[in-house]
$ cat run29.cif   # mmCIF, C-alpha atoms
data_input
#
loop_
_atom_site.label_atom_id
_atom_site.label_comp_id
_atom_site.auth_asym_id
_atom_site.auth_seq_id
_atom_site.Cartn_x
_atom_site.Cartn_y
_atom_site.Cartn_z
CA MET Y 1 -23.89 -43.40 -51.98
CA TYR Y 2 -26.53 -44.72 -49.56
CA GLU Y 3 -28.69 -41.57 -49.36
CA SER Y 4 -31.36 -42.65 -51.86
CA PHE Y 5 -31.55 -46.14 -50.32
CA PHE Y 6 -32.53 -44.65 -46.95
CA GLY Y 7 -34.63 -41.85 -48.50
CA LEU Y 8 -32.26 -39.09 -47.38
CA THR Y 9 -31.83 -35.71 -49.05
CA SER Y 10 -28.22 -35.25 -47.94
CA LYS Y 11 -25.39 -37.05 -46.19
CA PRO Y 12 -26.20 -37.00 -42.45
CA PHE Y 13 -22.84 -37.97 -40.99
CA GLN Y 14 -20.25 -35.99 -42.90
CA LEU Y 15 -17.00 -35.26 -41.07
CA ASN Y 16 -16.75 -31.59 -42.11
CA PRO Y 17 -18.42 -29.15 -39.69
CA ASP Y 18 -21.81 -27.98 -40.97
CA PRO Y 19 -23.83 -25.43 -38.98
CA ASN Y 20 -27.03 -26.74 -40.60
CA PHE Y 21 -26.58 -29.89 -38.51
CA PHE Y 22 -25.87 -28.06 -35.24
CA PHE Y 23 -27.05 -30.18 -32.33
CA GLY Y 24 -27.80 -28.31 -29.15
CA SER Y 25 -26.65 -30.62 -26.40
CA LYS Y 26 -26.41 -29.03 -22.97
CA GLN Y 27 -22.69 -28.40 -23.42
CA HIS Y 28 -22.98 -27.09 -26.98
CA ARG Y 29 -25.83 -24.74 -26.04
CA ARG Y 30 -23.74 -23.45 -23.16
CA ALA Y 31 -20.73 -22.85 -25.42
CA LYS Y 32 -22.85 -21.01 -27.97
CA ALA Y 33 -24.47 -18.94 -25.23
CA TYR Y 34 -21.00 -17.92 -24.02
CA LEU Y 35 -20.03 -16.85 -27.53
CA GLU Y 36 -23.27 -14.88 -27.91
CA TYR Y 37 -22.57 -13.29 -24.53
CA GLY Y 38 -19.13 -12.34 -25.81
CA VAL Y 39 -20.62 -10.66 -28.89
CA SER Y 40 -22.99 -8.63 -26.72
CA ARG Y 41 -20.27 -7.78 -24.20
CA ASN Y 42 -17.89 -6.59 -26.94
CA GLU Y 43 -14.73 -6.76 -24.84
CA GLY Y 44 -12.23 -9.22 -23.43
CA PHE Y 45 -11.74 -12.83 -24.47
CA ILE Y 46 -14.10 -15.80 -24.64
CA VAL Y 47 -12.27 -19.14 -24.49
CA ILE Y 48 -13.91 -22.35 -25.76
CA THR Y 49 -12.03 -25.65 -25.51
CA GLY Y 50 -12.91 -29.22 -26.35
CA GLU Y 51 -11.55 -32.54 -27.55
CA ILE Y 52 -10.76 -33.07 -31.22
CA GLY Y 53 -14.09 -33.66 -32.95
CA ALA Y 54 -16.18 -32.42 -30.00
CA GLY Y 55 -18.03 -29.89 -32.18
CA LYS Y 56 -16.22 -26.62 -31.39
CA THR Y 57 -16.07 -25.50 -35.02
CA THR Y 58 -19.72 -26.40 -35.64
CA VAL Y 59 -20.77 -24.24 -32.67
CA LEU Y 60 -18.59 -21.43 -33.94
CA ARG Y 61 -19.92 -21.58 -37.50
CA SER Y 62 -23.47 -21.70 -36.22
CA LEU Y 63 -22.78 -18.45 -34.38
CA ILE Y 64 -21.04 -16.85 -37.40
CA ASP Y 65 -24.01 -17.71 -39.62
CA GLY Y 66 -26.20 -15.80 -37.20
CA LEU Y 67 -23.95 -12.74 -37.48
CA HIS Y 68 -24.52 -12.29 -41.23
CA GLY Y 69 -26.27 -9.01 -41.87
CA THR Y 70 -25.40 -7.61 -38.45
CA ASN Y 71 -22.95 -4.85 -37.54
CA VAL Y 72 -20.25 -7.37 -36.57
CA ILE Y 73 -17.15 -7.70 -38.78
CA ALA Y 74 -15.37 -11.00 -38.14
CA GLY Y 75 -11.75 -11.84 -38.89
CA HIS Y 76 -10.90 -15.55 -38.72
CA LEU Y 77 -7.37 -16.71 -37.86
CA VAL Y 78 -6.80 -20.44 -38.49
CA THR Y 79 -3.00 -20.63 -38.85
CA THR Y 80 -1.58 -20.36 -35.34
CA GLN Y 81 1.74 -22.23 -35.44
CA LEU Y 82 3.55 -18.92 -35.89
CA GLY Y 83 5.81 -16.56 -34.02
CA ALA Y 84 4.38 -13.58 -32.16
CA GLU Y 85 4.91 -11.00 -34.92
CA ASP Y 86 3.71 -13.37 -37.67
CA THR Y 87 0.56 -13.97 -35.63
CA LEU Y 88 0.01 -10.23 -35.53
CA ARG Y 89 0.44 -10.09 -39.30
CA MET Y 90 -2.11 -12.86 -39.74
CA VAL Y 91 -4.56 -10.81 -37.67
CA GLY Y 92 -4.02 -7.93 -40.07
CA ALA Y 93 -4.50 -10.25 -43.05
CA ALA Y 94 -7.71 -11.61 -41.50
CA PHE Y 95 -9.14 -8.06 -41.63
CA GLY Y 96 -7.88 -7.49 -45.16
CA PHE Y 97 -4.69 -5.50 -44.60
CA ARG Y 98 -1.49 -5.62 -46.58
CA VAL Y 99 1.03 -7.19 -44.20
CA LYS Y 100 3.98 -8.11 -46.43
CA ASP Y 101 7.14 -6.16 -45.56
CA VAL Y 102 5.19 -3.83 -43.27
CA PRO Y 103 6.97 -2.87 -40.02
CA LYS Y 104 5.23 -3.97 -36.85
CA SER Y 105 4.71 -0.36 -35.73
CA GLU Y 106 2.99 0.52 -38.99
CA LEU Y 107 0.88 -2.62 -38.82
CA LEU Y 108 -0.34 -1.72 -35.33
CA ILE Y 109 -1.15 1.84 -36.41
CA THR Y 110 -3.09 0.57 -39.44
CA LEU Y 111 -4.98 -1.97 -37.34
CA GLU Y 112 -5.94 0.59 -34.68
CA ALA Y 113 -7.06 3.09 -37.34
CA PHE Y 114 -9.20 0.40 -38.98
CA LEU Y 115 -10.83 -0.57 -35.67
CA ILE Y 116 -11.55 3.08 -34.82
CA SER Y 117 -13.07 3.73 -38.25
CA GLN Y 118 -15.37 0.71 -37.93
CA THR Y 119 -16.41 1.67 -34.41
CA SER Y 120 -17.20 5.22 -35.53
CA LYS Y 121 -19.50 3.69 -38.20
CA GLY Y 122 -21.39 1.77 -35.53
CA LYS Y 123 -19.75 -1.54 -36.36
CA ARG Y 124 -17.92 -3.98 -34.09
CA CYS Y 125 -14.86 -6.08 -34.87
CA LEU Y 126 -14.55 -9.70 -33.77
CA LEU Y 127 -11.35 -11.76 -34.01
CA ILE Y 128 -11.80 -15.54 -34.02
CA VAL Y 129 -8.66 -17.58 -33.33
CA ASP Y 130 -8.93 -21.30 -34.08
CA GLU Y 131 -6.45 -23.95 -32.87
CA ALA Y 132 -5.47 -21.61 -30.04
CA GLN Y 133 -3.46 -24.36 -28.31
CA ASN Y 134 -0.75 -23.80 -30.96
CA LEU Y 135 -0.21 -20.17 -29.96
CA SER Y 136 3.11 -19.38 -28.32
CA PRO Y 137 3.05 -17.40 -25.03
CA ARG Y 138 4.39 -14.36 -26.89
CA ALA Y 139 1.66 -14.67 -29.50
CA VAL Y 140 -0.97 -14.79 -26.75
CA GLU Y 141 0.61 -11.65 -25.29
CA GLU Y 142 0.34 -9.88 -28.66
CA LEU Y 143 -3.37 -10.72 -28.75
CA ARG Y 144 -3.76 -9.41 -25.21
CA MET Y 145 -2.13 -6.14 -26.21
CA LEU Y 146 -4.64 -5.74 -29.03
CA SER Y 147 -7.40 -5.83 -26.42
CA ASN Y 148 -5.97 -2.55 -25.07
CA PHE Y 149 -7.17 -0.66 -28.16
CA GLN Y 150 -10.02 1.61 -27.06
CA PHE Y 151 -12.18 4.40 -28.47
CA GLY Y 152 -13.23 6.44 -25.48
CA ASN Y 153 -14.46 3.86 -22.98
CA GLN Y 154 -15.30 1.32 -25.66
CA ALA Y 155 -13.07 -1.63 -26.49
CA LEU Y 156 -12.30 -1.85 -30.21
CA LEU Y 157 -11.77 -5.59 -30.53
CA GLN Y 158 -13.55 -8.65 -29.16
CA SER Y 159 -11.69 -11.98 -29.39
CA PHE Y 160 -12.81 -15.63 -29.32
CA LEU Y 161 -10.11 -18.27 -28.74
CA ILE Y 162 -11.07 -21.82 -29.72
CA GLY Y 163 -8.70 -24.68 -28.90
CA GLN Y 164 -8.07 -28.16 -27.62
CA PRO Y 165 -7.99 -29.00 -23.87
CA GLU Y 166 -4.25 -28.29 -23.55
CA PHE Y 167 -5.00 -24.60 -24.11
CA ARG Y 168 -6.63 -24.55 -20.67
CA GLU Y 169 -3.34 -25.83 -19.22
CA ILE Y 170 -1.40 -23.13 -21.09
CA LEU Y 171 -3.64 -20.44 -19.58
CA GLN Y 172 -2.83 -21.66 -16.08
CA ARG Y 173 0.87 -20.86 -16.44
CA PRO Y 174 2.11 -18.04 -14.18
CA GLU Y 175 3.07 -15.87 -17.17
CA MET Y 176 -0.54 -15.98 -18.40
CA GLU Y 177 -1.89 -14.09 -15.36
CA GLN Y 178 -2.45 -10.82 -17.25
CA PHE Y 179 -4.22 -12.64 -20.06
CA ARG Y 180 -6.45 -14.59 -17.62
CA GLN Y 181 -7.63 -11.30 -16.20
CA ARG Y 182 -8.95 -10.36 -19.65
CA VAL Y 183 -10.94 -13.58 -20.09
CA ALA Y 184 -14.64 -12.82 -19.69
CA ALA Y 185 -15.81 -16.44 -19.85
CA THR Y 186 -14.47 -19.91 -20.59
CA CYS Y 187 -16.29 -23.11 -21.48
CA HIS Y 188 -15.20 -26.70 -22.15
CA ILE Y 189 -17.08 -29.08 -24.46
CA GLY Y 190 -16.78 -32.71 -23.38
CA PRO Y 191 -18.18 -35.94 -24.87
CA LEU Y 192 -21.92 -36.60 -25.23
CA ASP Y 193 -23.51 -39.09 -22.86
CA VAL Y 194 -25.50 -42.14 -24.07
CA ASP Y 195 -28.87 -40.34 -24.28
CA GLU Y 196 -27.33 -37.32 -26.03
CA THR Y 197 -25.59 -39.64 -28.49
CA LYS Y 198 -28.95 -41.18 -29.40
CA SER Y 199 -30.56 -37.74 -29.76
CA TYR Y 200 -27.58 -36.50 -31.78
CA ILE Y 201 -27.92 -39.37 -34.28
CA GLU Y 202 -31.68 -38.90 -34.61
CA HIS Y 203 -31.23 -35.14 -35.03
CA ARG Y 204 -28.72 -35.47 -37.87
CA LEU Y 205 -30.87 -38.06 -39.65
CA LYS Y 206 -33.88 -35.76 -39.38
CA CYS Y 207 -31.84 -32.83 -40.75
CA ALA Y 208 -30.85 -35.06 -43.67
CA GLY Y 209 -34.51 -35.79 -44.50
CA ALA Y 210 -34.98 -39.14 -42.76
CA THR Y 211 -38.57 -40.19 -42.05
CA ASP Y 212 -39.15 -43.85 -41.20
CA LYS Y 213 -35.71 -45.29 -41.96
CA PRO Y 214 -33.15 -46.27 -40.99
CA THR Y 215 -34.32 -47.90 -37.77
CA PHE Y 216 -32.09 -49.17 -34.95
CA ASP Y 217 -32.07 -51.83 -32.28
CA PRO Y 218 -32.47 -50.21 -28.84
CA GLY Y 219 -28.98 -51.40 -27.89
CA ALA Y 220 -27.39 -50.06 -31.08
CA PHE Y 221 -27.15 -46.52 -29.70
CA GLU Y 222 -25.26 -47.66 -26.63
CA GLY Y 223 -22.92 -49.62 -28.91
CA ILE Y 224 -22.30 -46.50 -31.01
CA PHE Y 225 -21.62 -44.52 -27.84
CA LYS Y 226 -19.07 -47.06 -26.63
CA ALA Y 227 -17.38 -47.24 -30.03
CA SER Y 228 -17.14 -43.45 -30.34
CA GLY Y 229 -16.61 -42.36 -26.76
CA GLY Y 230 -19.42 -39.84 -27.28
CA ILE Y 231 -17.23 -37.59 -29.46
CA PRO Y 232 -19.51 -36.22 -32.23
CA ARG Y 233 -17.02 -36.60 -35.08
CA ARG Y 234 -16.34 -40.21 -34.08
CA VAL Y 235 -20.09 -40.80 -33.85
CA ASN Y 236 -20.30 -39.52 -37.45
CA SER Y 237 -17.58 -41.93 -38.56
CA VAL Y 238 -19.27 -44.94 -36.93
CA CYS Y 239 -22.75 -44.03 -38.20
CA ASP Y 240 -21.54 -43.31 -41.72
CA ARG Y 241 -19.95 -46.76 -41.89
CA LEU Y 242 -23.05 -48.29 -40.28
CA LEU Y 243 -25.37 -46.85 -42.95
CA LEU Y 244 -22.97 -48.06 -45.63
CA LEU Y 245 -23.13 -51.55 -44.10
CA GLY Y 246 -26.93 -51.41 -44.17
CA TYR Y 247 -26.93 -50.27 -47.79
CA LEU Y 248 -24.53 -53.01 -48.91
CA SER Y 249 -26.56 -55.69 -47.14
CA GLY Y 250 -29.90 -54.27 -48.34
CA ARG Y 251 -31.27 -53.65 -44.84
CA THR Y 252 -32.79 -50.46 -43.43
CA HIS Y 253 -32.90 -51.83 -39.86
CA LEU Y 254 -29.53 -51.74 -38.13
CA THR Y 255 -28.76 -54.06 -35.23
CA THR Y 256 -26.45 -54.13 -32.25
CA GLU Y 257 -24.45 -56.80 -34.09
CA ASP Y 258 -24.01 -54.40 -37.04
CA VAL Y 259 -22.54 -51.80 -34.68
CA ALA Y 260 -20.16 -54.40 -33.24
CA GLU Y 261 -19.07 -55.34 -36.76
CA VAL Y 262 -18.35 -51.71 -37.65
CA ALA Y 263 -16.43 -51.19 -34.41
CA LYS Y 264 -14.37 -54.29 -35.21
CA GLU Y 265 -13.61 -52.93 -38.69
CA PHE Y 266 -12.35 -49.66 -37.23
CA ALA Y 267 -10.18 -51.53 -34.75
CA GLN Y 268 -8.67 -53.62 -37.54
CA GLU Y 269 -8.07 -50.59 -39.76
CA SER Y 270 -6.24 -48.80 -36.97
CA GLN Y 271 -3.75 -51.64 -36.54
CA VAL Y 272 -0.27 -51.02 -37.95
CA PRO Y 273 0.61 -53.69 -40.56
CA SER Y 274 3.66 -55.76 -39.64
CA ARG Y 275 6.62 -55.35 -42.00
CA PRO Y 276 8.84 -58.17 -43.22
CA ALA Y 277 11.66 -58.75 -40.76
CA GLY Y 278 15.24 -58.13 -41.92
CA ASP Y 279 18.24 -60.12 -40.76
CA GLY Y 280 18.72 -57.79 -37.80
CA ASP Y 281 15.09 -58.19 -36.81
CA LEU Y 282 15.05 -61.99 -36.98
CA ALA Y 283 15.46 -62.54 -33.25
CA VAL Y 284 12.79 -59.96 -32.40
CA ALA Y 285 10.40 -61.36 -35.00
CA THR Y 286 10.94 -64.90 -33.74
CA ALA Y 287 10.27 -63.82 -30.16
CA ALA Y 288 7.12 -61.96 -31.25
CA ASP Y 289 5.91 -64.97 -33.23
CA THR Y 290 6.47 -67.21 -30.22
CA SER Y 291 4.51 -64.79 -28.05
CA VAL Y 292 1.58 -64.71 -30.48
CA THR Y 293 1.59 -68.50 -30.73
CA ALA Y 294 1.59 -68.79 -26.96
CA GLU Y 295 -1.37 -66.45 -26.73
CA LEU Y 296 -3.27 -68.43 -29.34
CA ASP Y 297 -2.61 -71.67 -27.45
CA VAL Y 298 -4.44 -70.38 -24.35
CA ASP Y 299 -7.69 -72.24 -23.74
CA LEU Y 300 -10.07 -69.34 -23.10
CA SER Y 301 -12.72 -71.69 -21.71
CA LYS Y 302 -10.47 -72.29 -18.71
CA LEU Y 303 -9.86 -68.60 -18.06
CA ARG Y 304 -11.62 -67.36 -14.93
CA LEU Y 305 -12.21 -63.67 -14.19
CA ASP Y 306 -14.62 -62.20 -11.71
CA VAL Y 307 -17.12 -59.60 -12.95
CA HIS Y 308 -15.20 -56.63 -11.54
CA GLU Y 309 -11.89 -57.63 -13.14
CA ALA Y 310 -13.59 -58.26 -16.48
CA GLU Y 311 -15.26 -54.83 -16.32
CA VAL Y 312 -11.96 -53.10 -15.52
CA MET Y 313 -10.20 -54.86 -18.41
CA ASN Y 314 -13.07 -54.00 -20.74
CA LYS Y 315 -12.83 -50.29 -19.83
CA GLN Y 316 -9.06 -50.33 -20.31
CA LEU Y 317 -9.41 -51.89 -23.77
CA ALA Y 318 -12.11 -49.37 -24.71
CA SER Y 319 -9.84 -46.53 -23.54
CA LEU Y 320 -6.90 -47.83 -25.58
CA THR Y 321 -9.11 -48.15 -28.67
CA ALA Y 322 -10.42 -44.60 -28.20
CA ASP Y 323 -6.87 -43.24 -27.78
CA GLN Y 324 -5.81 -45.01 -30.96
CA ARG Y 325 -8.66 -43.48 -32.94
CA SER Y 326 -7.88 -40.08 -31.42
CA ASP Y 327 -4.29 -40.34 -32.65
CA GLN Y 328 -5.57 -41.06 -36.16
CA LEU Y 329 -7.85 -38.03 -36.07
CA GLN Y 330 -5.02 -35.83 -34.81
CA ARG Y 331 -2.82 -36.90 -37.72
CA LEU Y 332 -5.65 -36.08 -40.11
CA GLU Y 333 -6.19 -32.66 -38.53
CA ARG Y 334 -2.49 -31.86 -38.79
CA SER Y 335 -2.64 -32.70 -42.49
CA LEU Y 336 -5.66 -30.42 -42.90
CA LEU Y 337 -3.84 -27.61 -41.11
CA ARG Y 338 -0.88 -27.98 -43.46
CA LEU Y 339 -3.28 -27.79 -46.40
CA GLU Y 340 -4.89 -24.70 -44.88
CA ARG Y 341 -1.50 -23.01 -44.58
CA ILE Y 342 -0.76 -23.79 -48.22
CA ASN Y 343 -4.12 -22.27 -49.20
CA VAL Y 344 -3.41 -19.10 -47.21
CA GLN Y 345 0.01 -18.73 -48.83
CA THR Y 346 -1.46 -19.35 -52.29
CA LEU Y 347 -4.13 -16.70 -51.76
CA ALA Y 348 -1.49 -14.24 -50.56
CA MET Y 349 0.58 -14.86 -53.71
CA LEU Y 350 -2.50 -14.39 -55.92
CA GLN Y 351 -3.27 -11.14 -54.09
CA LYS Y 352 0.25 -9.92 -54.84
CA LEU Y 353 -0.17 -10.75 -58.52
CA VAL Y 354 -3.50 -8.91 -58.66
CA ASN Y 355 -2.03 -5.86 -56.91
CA ALA Y 356 1.00 -5.87 -59.22
CA ALA Y 357 -1.24 -6.12 -62.29
CA ARG Y 358 -3.40 -3.28 -61.00
CA ARG Y 359 -0.40 -1.04 -60.36
CA SER Y 360 0.95 -1.89 -63.80
CA GLY Y 361 -2.39 -0.96 -65.37
CA GLU Y 362 -2.54 2.30 -63.47
CA GLY Y 363 1.02 3.14 -64.55
CA GLY Y 364 0.19 2.38 -68.19
CA GLY Y 365 -2.92 4.55 -68.02
CA ALA Y 366 -0.86 7.48 -66.78
#

$ encode --input "run29.cif" --output "structure tokens"
Amino acid sequence: MYESFFGLTSKPFQLNPDPNFFFGSKQHRRAKAYLEYGVSRNEGFIVITGEIGAGKTTVLRSLIDGLHGTNVIAGHLVTTQLGAEDTLRMVGAAFGFRVKDVPKSELLITLEAFLISQTSKGKRCLLIVDEAQNLSPRAVEELRMLSNFQFGNQALLQSFLIGQPEFREILQRPEMEQFRQRVAATCHIGPLDVDETKSYIEHRLKCAGATDKPTFDPGAFEGIFKASGGIPRRVNSVCDRLLLLGYLSGRTHLTTEDVAEVAKEFAQESQVPSRPAGDGDLAVATAADTSVTAELDVDLSKLRLDVHEAEVMNKQLASLTADQRSDQLQRLERSLLRLERINVQTLAMLQKLVNAARRSGEGGGA
């Protein structure tokens, strides 16, 4: 919508992960280096964790793009809210096996035979597990058992586990000891700092074809950092809205006040609308109304806070706002996961129909 106004060739702050916009902050470079190390090591597990929207998937896709044309065959598992055996079946499906109504023993035999055949051809198999925090302990154990497959002294399967911070807590449980011993490296991606946030914004604008516009007040970047908490996906949300604001007002220079206005809009949008009170809620509603009125009657000019107290309250409010936005993003991600599961099931049904049609055609030809 605003791309032509700012002279851009593409949308710079889209929410979907795009490896073409990969930004190599210190943490993201480290995570990618660990994944590349895992590919070269070809054994054990590499664990990457990070907050929602921290850029885990972008790092991963940047790596996968670099694997095209190599001897690495990657299977990607994105549906992890499953039981142990269903997780194993999804691994088989990720590598193209028929898994419907196949006994577990047969599935394991087929998987091992496939891994051996690829290894004998000079190829290597990589399993990528996204949303690893949703794996049950038994599912994690099934994945660990797959790491036991060997051809001579060579491991047959390398695994990357990508998840949210709680996956690190899961790995510290006593029953995860055997799995921890198979982890070759682990890395956590945290928020960007103020300088990295500025560089991140400039990098994405440059990737989108920006030259001399938009321009920003020096303090605008710090405002964006505070509004987003340094989480890349939140930075994208704030900047996307900021460019829209500039476009609607016909300005290519964006100010600190513009950032504050966008942050205020997000705060208002995250508020839950009050519903009309029923008879049973009358007393509660009346009490709430009285409370609001009392707050509005406070003369703020007479309020005295020292600098330290004001700073503490400001940080607390910023933290609450960030938590609220995080909850919204989590709800969105859960919706996307449900959609992903539907897509997987739909593809499986289509595969059945194709296989049935093929068998029918072969039978008719005979």

$ resolve_selection --input "run29.cif" --expression "the PyMOL selection byres ((chain Y and resi 195) around 10)" --output "PyMOL selection string"
chain Y and resi 192-194+196-200+221-222+225+230

$ resolve_selection --input "run29.cif" --expression "the PyMOL selection byres ((chain Y and resi 54-63) around 6)" --output "JSON list (two decimals) with C-alpha atoms, in the frame of the given file"
[["chain", "number", "residue", "atom", "x", "y", "z"],
["Y", 17, "PRO", "CA", -18.42, -29.15, -39.69],
["Y", 18, "ASP", "CA", -21.81, -27.98, -40.97],
["Y", 19, "PRO", "CA", -23.83, -25.43, -38.98],
["Y", 50, "GLY", "CA", -12.91, -29.22, -26.35],
["Y", 51, "GLU", "CA", -11.55, -32.54, -27.55],
["Y", 52, "ILE", "CA", -10.76, -33.07, -31.22],
["Y", 53, "GLY", "CA", -14.09, -33.66, -32.95],
["Y", 64, "ILE", "CA", -21.04, -16.85, -37.40],
["Y", 65, "ASP", "CA", -24.01, -17.71, -39.62],
["Y", 66, "GLY", "CA", -26.20, -15.80, -37.20],
["Y", 231, "ILE", "CA", -17.23, -37.59, -29.46],
["Y", 232, "PRO", "CA", -19.51, -36.22, -32.23]]

$ atom_distance --input "run29.cif" --atom1 "atom CA of Thr110 of chain Y" --atom2 "atom CA of Pro137 of chain Y"
23.8 Å

$ atom_distance --input "run29.cif" --atom1 "atom CA of Ser159 of chain Y" --atom2 "atom CA of Thr346 of chain Y"
26.1 Å

$ resolve_selection --input "run29.cif" --expression "the PyMOL selection byres ((chain Y and resi 81) around 9)" --output "PyMOL selection string"
chain Y and resi 79-80+82-83+87+131+134-136

$ atom_distance --input "run29.cif" --atom1 "atom CA of Val39 of chain Y" --atom2 "atom CA of Arg124 of chain Y"
8.9 Å

$ closest_residue --input "run29.cif" --among "Y:Leu115, Y:Ile109, Y:Leu146, Y:Ala185" --to "Ala31 of chain Y" --atoms "all atoms listed in the file"
Y:Ala185

$ residues_around --input "run29.cif" --residues "Arg241 of chain Y" --least-positions-apart "2" --cutoff "12 Å" --atoms "all atoms listed in the file" --output "PyMOL selection string"
chain Y and resi 1-2+11-15+224+234-239+243-248+254+258-266

$ residues_around --input "run29.cif" --residues "Met145 of chain Y" --least-positions-apart "2" --cutoff "12 Å" --atoms "only C-alpha atoms" --output "number ranges by chain"
Y: 44-45, 84, 88, 108, 112, 138-143, 147-150, 155-157, 159, 178-179, 182

$ write_last_selection --input "run29.cif" --atoms "C-alpha atoms" --output "PDB file, keeping the file's coordinate frame"
ATOM      1  CA  GLY Y  44     -12.230  -9.220 -23.430  1.00  0.00           C
ATOM      2  CA  PHE Y  45     -11.740 -12.830 -24.470  1.00  0.00           C
ATOM      3  CA  ALA Y  84       4.380 -13.580 -32.160  1.00  0.00           C
ATOM      4  CA  LEU Y  88       0.010 -10.230 -35.530  1.00  0.00           C
ATOM      5  CA  LEU Y 108      -0.340  -1.720 -35.330  1.00  0.00           C
ATOM      6  CA  GLU Y 112      -5.940   0.590 -34.680  1.00  0.00           C
ATOM      7  CA  ARG Y 138       4.390 -14.360 -26.890  1.00  0.00           C
ATOM      8  CA  ALA Y 139       1.660 -14.670 -29.500  1.00  0.00           C
ATOM      9  CA  VAL Y 140      -0.970 -14.790 -26.750  1.00  0.00           C
ATOM     10  CA  GLU Y 141       0.610 -11.650 -25.290  1.00  0.00           C
ATOM     11  CA  GLU Y 142       0.340  -9.880 -28.660  1.00  0.00           C
ATOM     12  CA  LEU Y 143      -3.370 -10.720 -28.750  1.00  0.00           C
ATOM     13  CA  SER Y 147      -7.400  -5.830 -26.420  1.00  0.00           C
ATOM     14  CA  ASN Y 148      -5.970  -2.550 -25.070  1.00  0.00           C
ATOM     15  CA  PHE Y 149      -7.170  -0.660 -28.160  1.00  0.00           C
ATOM     16  CA  GLN Y 150     -10.020   1.610 -27.060  1.00  0.00           C
ATOM     17  CA  ALA Y 155     -13.070  -1.630 -26.490  1.00  0.00           C
ATOM     18  CA  LEU Y 156     -12.300  -1.850 -30.210  1.00  0.00           C
ATOM     19  CA  LEU Y 157     -11.770  -5.590 -30.530  1.00  0.00           C
ATOM     20  CA  SER Y 159     -11.690 -11.980 -29.390  1.00  0.00           C
ATOM     21  CA  GLN Y 178      -2.450 -10.820 -17.250  1.00  0.00           C
ATOM     22  CA  PHE Y 179      -4.220 -12.640 -20.060  1.00  0.00           C
ATOM     23  CA  ARG Y 182      -8.950 -10.360 -19.650  1.00  0.00           C
TER      24      ARG Y 182
END

$ closest_residue --input "run29.cif" --among "Y:Glu43, Y:Asp130, Y:Glu175, Y:Asp212" --to "Phe6 of chain Y" --atoms "only C-alpha atoms"
Y:Asp212

$ residues_near_point --input "run29.cif" --point "(-6.9, -29.0, -19.4)" --cutoff "12 Å" --atoms "all atoms listed in the file" --output "list in words"
Ile48, Thr49, Gly50, Glu51, Gln133, Gly163, Gln164, Pro165, Glu166, Phe167, Arg168, Glu169, Ile170, Leu171, Gln172, Arg173, Thr186, Cys187, His188, Ile189 and Gly190 of chain Y

$ axis_aligned_box --input "run29.cif" --around "segment 211-220 of chain Y" --padding-each-side "5 Å" --output "JSON"
{"center_x": -33.3, "center_y": -46.0, "center_z": -35.0, "size_x": 21.8, "size_y": 21.6, "size_z": 24.2}

$ residues_around --input "run29.cif" --residues "Ser10 of chain Y" --least-positions-apart "2" --cutoff "9 Å" --atoms "all atoms listed in the file" --output "list in words"
Glu3, Ser4, Leu8, Pro12, Cys207, Ala208 and Gly209 of chain Y
